[in-house]
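J.: Here you go, this is input-v2.txt (compact mmCIF, C-alpha atoms).
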```txt
# COMPACT_ATOMS: atom_id res chain seq x y z
CA MET A 1 13.82 -10.18 -13.09
CA THR A 2 10.74 -11.82 -14.56
CA GLN A 3 9.20 -12.93 -11.26
CA LYS A 4 7.03 -10.50 -9.31
CA ILE A 5 9.00 -9.38 -6.27
CA PHE A 6 7.98 -7.33 -3.24
CA GLY A 7 10.12 -6.55 -0.22
CA ILE A 8 9.69 -6.15 3.51
CA THR A 9 12.49 -4.18 5.08
CA GLY A 10 13.39 -2.18 8.16
CA TRP A 11 15.95 -2.03 10.89
CA LYS A 12 16.94 -4.95 13.12
CA ASN A 13 14.19 -6.08 15.52
CA SER A 14 11.52 -4.00 13.78
CA GLY A 15 9.33 -7.03 13.09
CA LYS A 16 10.27 -7.83 9.49
CA THR A 17 10.19 -11.59 9.96
CA THR A 18 6.90 -11.55 11.83
CA LEU A 19 5.26 -9.41 9.14
CA THR A 20 6.76 -11.57 6.38
CA GLU A 21 5.43 -14.72 8.04
CA CYS A 22 1.94 -13.25 8.47
CA VAL A 23 1.75 -11.90 4.90
CA VAL A 24 2.98 -15.21 3.44
CA ARG A 25 0.34 -17.05 5.47
CA GLU A 26 -2.44 -14.64 4.38
CA LEU A 27 -1.52 -14.52 0.68
CA SER A 28 -1.13 -18.32 0.63
CA ARG A 29 -4.56 -18.63 2.25
CA ARG A 30 -5.90 -16.48 -0.59
CA GLY A 31 -4.61 -19.07 -3.05
CA TYR A 32 -1.36 -17.47 -4.22
CA LYS A 33 1.85 -19.44 -4.66
CA ILE A 34 4.37 -17.47 -2.57
CA SER A 35 8.12 -17.93 -2.25
CA THR A 36 10.52 -16.00 -0.03
CA VAL A 37 14.12 -14.86 0.02
CA LYS A 38 15.69 -13.89 3.35
CA HIS A 39 18.94 -11.96 3.38
CA ALA A 40 21.19 -12.64 6.37
CA HIS A 41 23.96 -10.28 7.41
CA HIS A 42 25.83 -13.08 9.12
CA SER A 43 27.10 -16.52 8.33
CA PHE A 44 24.52 -19.24 8.77
CA ASP A 45 24.29 -22.99 8.43
CA ILE A 46 21.24 -25.08 7.62
CA ASP A 47 23.15 -28.31 7.96
CA THR A 48 24.39 -30.03 11.10
CA GLU A 49 27.83 -31.32 11.79
CA GLY A 50 28.08 -35.04 11.30
CA THR A 51 25.23 -35.47 8.80
CA ASP A 52 26.03 -36.98 5.41
CA SER A 53 25.27 -33.74 3.56
CA TYR A 54 27.49 -31.77 5.97
CA ARG A 55 30.28 -34.24 5.33
CA HIS A 56 29.83 -33.84 1.55
CA ARG A 57 30.06 -30.05 1.89
CA GLU A 58 33.06 -30.19 4.20
CA ALA A 59 34.77 -32.55 1.74
CA GLY A 60 34.63 -29.76 -0.85
CA ALA A 61 31.39 -30.19 -2.80
CA GLN A 62 30.31 -26.85 -4.27
CA GLU A 63 26.62 -27.80 -4.20
CA VAL A 64 24.85 -30.41 -2.11
CA ALA A 65 21.21 -31.34 -2.68
CA ILE A 66 19.29 -33.05 0.09
CA VAL A 67 16.11 -34.76 -1.06
CA SER A 68 13.38 -36.58 0.86
CA PHE A 69 9.72 -37.44 0.38
CA SER A 70 8.64 -34.14 2.00
CA ARG A 71 11.16 -31.49 0.84
CA TRP A 72 14.43 -30.84 -0.85
CA ALA A 73 17.14 -28.26 -0.34
CA LEU A 74 20.11 -27.16 -2.39
CA MET A 75 23.07 -25.72 -0.54
CA HIS A 76 25.69 -23.82 -2.51
CA GLU A 77 29.05 -23.09 -0.92
CA LEU A 78 30.50 -19.76 -2.00
CA ARG A 79 33.99 -20.70 -0.88
CA ASP A 80 35.82 -17.51 -1.98
CA ALA A 81 33.20 -16.31 -4.49
CA THR A 82 31.23 -13.14 -3.89
CA GLU A 83 27.70 -13.20 -2.50
CA PRO A 84 25.18 -13.60 -5.34
CA SER A 85 22.83 -10.75 -6.16
CA LEU A 86 19.11 -10.94 -5.55
CA ASP A 87 18.65 -11.30 -9.33
CA ASP A 88 20.97 -14.33 -9.30
CA ILE A 89 19.00 -15.98 -6.50
CA VAL A 90 15.59 -15.22 -8.04
CA SER A 91 16.71 -16.63 -11.39
CA ARG A 92 17.24 -20.01 -9.69
CA MET A 93 13.81 -20.10 -8.05
CA ALA A 94 10.76 -21.94 -9.38
CA PRO A 95 7.95 -19.84 -10.89
CA CYS A 96 5.39 -18.54 -8.42
CA ASP A 97 2.86 -15.71 -8.06
CA LEU A 98 5.10 -13.59 -5.84
CA ILE A 99 8.50 -13.68 -4.19
CA ILE A 100 8.55 -11.80 -0.90
CA VAL A 101 12.03 -10.58 -0.06
CA GLU A 102 13.02 -9.88 3.53
CA GLY A 103 16.01 -7.58 3.70
CA TYR A 104 17.95 -6.49 0.62
CA LYS A 105 17.29 -2.92 1.73
CA ASN A 106 19.50 -1.39 -0.98
CA ASP A 107 18.01 -3.28 -3.94
CA LYS A 108 15.54 -1.40 -6.14
CA HIS A 109 12.42 -3.59 -5.83
CA ALA A 110 9.35 -2.06 -4.12
CA LYS A 111 9.26 -2.50 -0.34
CA ILE A 112 7.19 -1.95 2.77
CA GLU A 113 9.21 -0.49 5.62
CA VAL A 114 8.38 -1.93 9.05
CA ARG A 115 8.52 0.54 11.94
CA ARG A 116 7.65 -0.07 15.58
CA LYS A 117 7.26 2.68 18.14
CA ASP A 118 9.20 0.58 20.69
CA SER A 119 12.03 -0.27 18.30
CA PRO A 120 15.46 0.84 19.54
CA THR A 121 16.36 2.04 16.03
CA GLN A 122 13.81 4.62 14.91
CA ILE A 123 15.65 6.14 11.96
CA PRO A 124 13.15 6.25 9.09
CA LEU A 125 14.39 5.00 5.75
CA ASN A 126 14.37 7.45 2.85
CA ALA A 127 11.41 6.26 0.76
CA GLU A 128 12.90 7.26 -2.58
CA GLN A 129 16.41 5.99 -1.87
CA TYR A 130 15.21 2.58 -0.62
CA SER A 131 12.18 2.12 -2.96
CA ILE A 132 9.76 2.26 -0.02
CA VAL A 133 6.16 2.28 -1.32
CA ALA A 134 4.42 2.00 2.09
CA ILE A 135 5.14 1.96 5.81
CA ALA A 136 3.67 -0.67 8.16
CA THR A 137 3.70 0.63 11.71
CA ASP A 138 2.03 0.39 15.10
CA GLU A 139 1.92 4.15 15.64
CA ALA A 140 0.27 7.14 14.03
CA LEU A 141 2.53 8.77 11.44
CA HIS A 142 1.72 12.04 9.73
CA GLY A 143 3.22 13.80 6.75
CA GLN A 144 4.55 10.68 5.03
CA THR A 145 5.07 10.58 1.26
CA VAL A 146 3.85 6.96 1.05
CA PRO A 147 0.78 5.17 2.47
CA VAL A 148 0.92 4.25 6.16
CA LEU A 149 -0.53 0.82 7.00
CA ASP A 150 -1.53 -0.65 10.35
CA LEU A 151 1.18 -3.20 11.12
CA ASN A 152 -1.33 -5.27 13.08
CA ASN A 153 -3.89 -5.42 10.24
CA ILE A 154 -2.39 -8.24 8.17
CA ALA A 155 -5.39 -8.36 5.81
CA ALA A 156 -4.90 -4.67 4.93
CA VAL A 157 -1.13 -5.06 4.46
CA SER A 158 -1.76 -8.12 2.28
CA ASP A 159 -4.44 -6.21 0.31
CA PHE A 160 -1.89 -3.46 -0.35
CA ILE A 161 0.71 -5.95 -1.61
CA GLU A 162 -1.88 -7.84 -3.67
CA HIS A 163 -3.02 -4.65 -5.41
CA TYR A 164 0.44 -3.11 -5.75
CA CYS A 165 1.80 -6.27 -7.37
CA GLU A 166 -1.34 -6.74 -9.48
CA LEU A 167 -1.75 -10.33 -8.32
CA GLU A 168 -4.55 -12.25 -9.96
CA ASN A 169 -6.15 -15.28 -8.44
```
Here is the file; what I need is its structure written in the form of structure tokens.
T.:
Amino acid sequence: MTQKIFGITGWKNSGKTTLTECVVRELSRRGYKISTVKHAHHSFDIDTEGTDSYRHREAGAQEVAIVSFSRWALMHELRDATEPSLDDIVSRMAPCDLIIVEGYKNDKHAKIEVRRKDSPTQIPLNAEQYSIVAIATDEALHGQTVPVLDLNNIAAVSDFIEHYCELEN
């Protein structure tokens, strides 16, 4: 991978998406060009039944691009192919300052683990096994092998990512 990549991971309902959204907003405000990759553990659809692009896909098109004056999207149907790796996805993305990856827990890029004291799943991830370089949490944690960040201090979490990834503005 040639792009700078940093991950936000944790168990379901730990606040990964909220933290990702806040960090993207803060780093973008600081002038960085940020892209994201979100891994879903379920089937999803970004197209609606009946639209022209949906009809193209359903007819058998492997890729369908939708383009307008304000955005464009490229949908790729896997059909019976295997799910692409994070490297495969990143290689298709436009250059940017940083790609923030939500999920992809088992990949080897550096990650912040999100933990909430009220989360139903409180099993800490093994920092070494999951490439965890910091923990963002809303509770006091002691004896950790990586820095512990205040989950509610988005500026501090963003500072950590900015320094860890050696971003330059």
J.: Using all atoms listed in the file, can you tell me which of A:Ile135, A:Thr145, A:Lys111, A:Leu27 comes closest to A:Asp159?
T.: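 Smallest separation from A:Asp159 among the options: A:Leu27.
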J.: Could you check the closest approach to A:Asp118 for each of A:Arg25, A:Ser14, A:Asn169, A:Asn152 and tell me which residue wins, using all atoms listed in the file?
T.: A:Ser14
J.: Rank A:Val133, A:Leu151, A:Ile161, A:Cys22 by their smallest atom-to-atom distance to A:Lys117, using all atoms listed in the file, and report the top residue only.
T.: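 Closest to A:Lys117 of all the choices is A:Leu151.
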J.: Set the distance at 9 Å and use all atoms listed in the file: which residues neighbour stretch 94-106 of chain A once local chain neighbours fewer than 4 positions away are removed? I'd like the list as number ranges by chain.
T.: A: 3-10, 16-17, 20, 23-24, 32-40, 86, 90, 111, 129-131, 165, 167-168
J.: Find the distance between atom CA of A:Leu78 and atom CA of A:Asp107 and write it in Å to one decimal.
T.: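 If I compute the distance from atom CA of A:Leu78 to atom CA of A:Asp107, I get 20.8 Å.
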J.: For atom CA of A:His142 and atom CA of A:Gln122, quote the distance in Å rounded to one decimal.
T.: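 About the pair atom CA of A:His142 and atom CA of A:Gln122: they are 15.1 Å apart.
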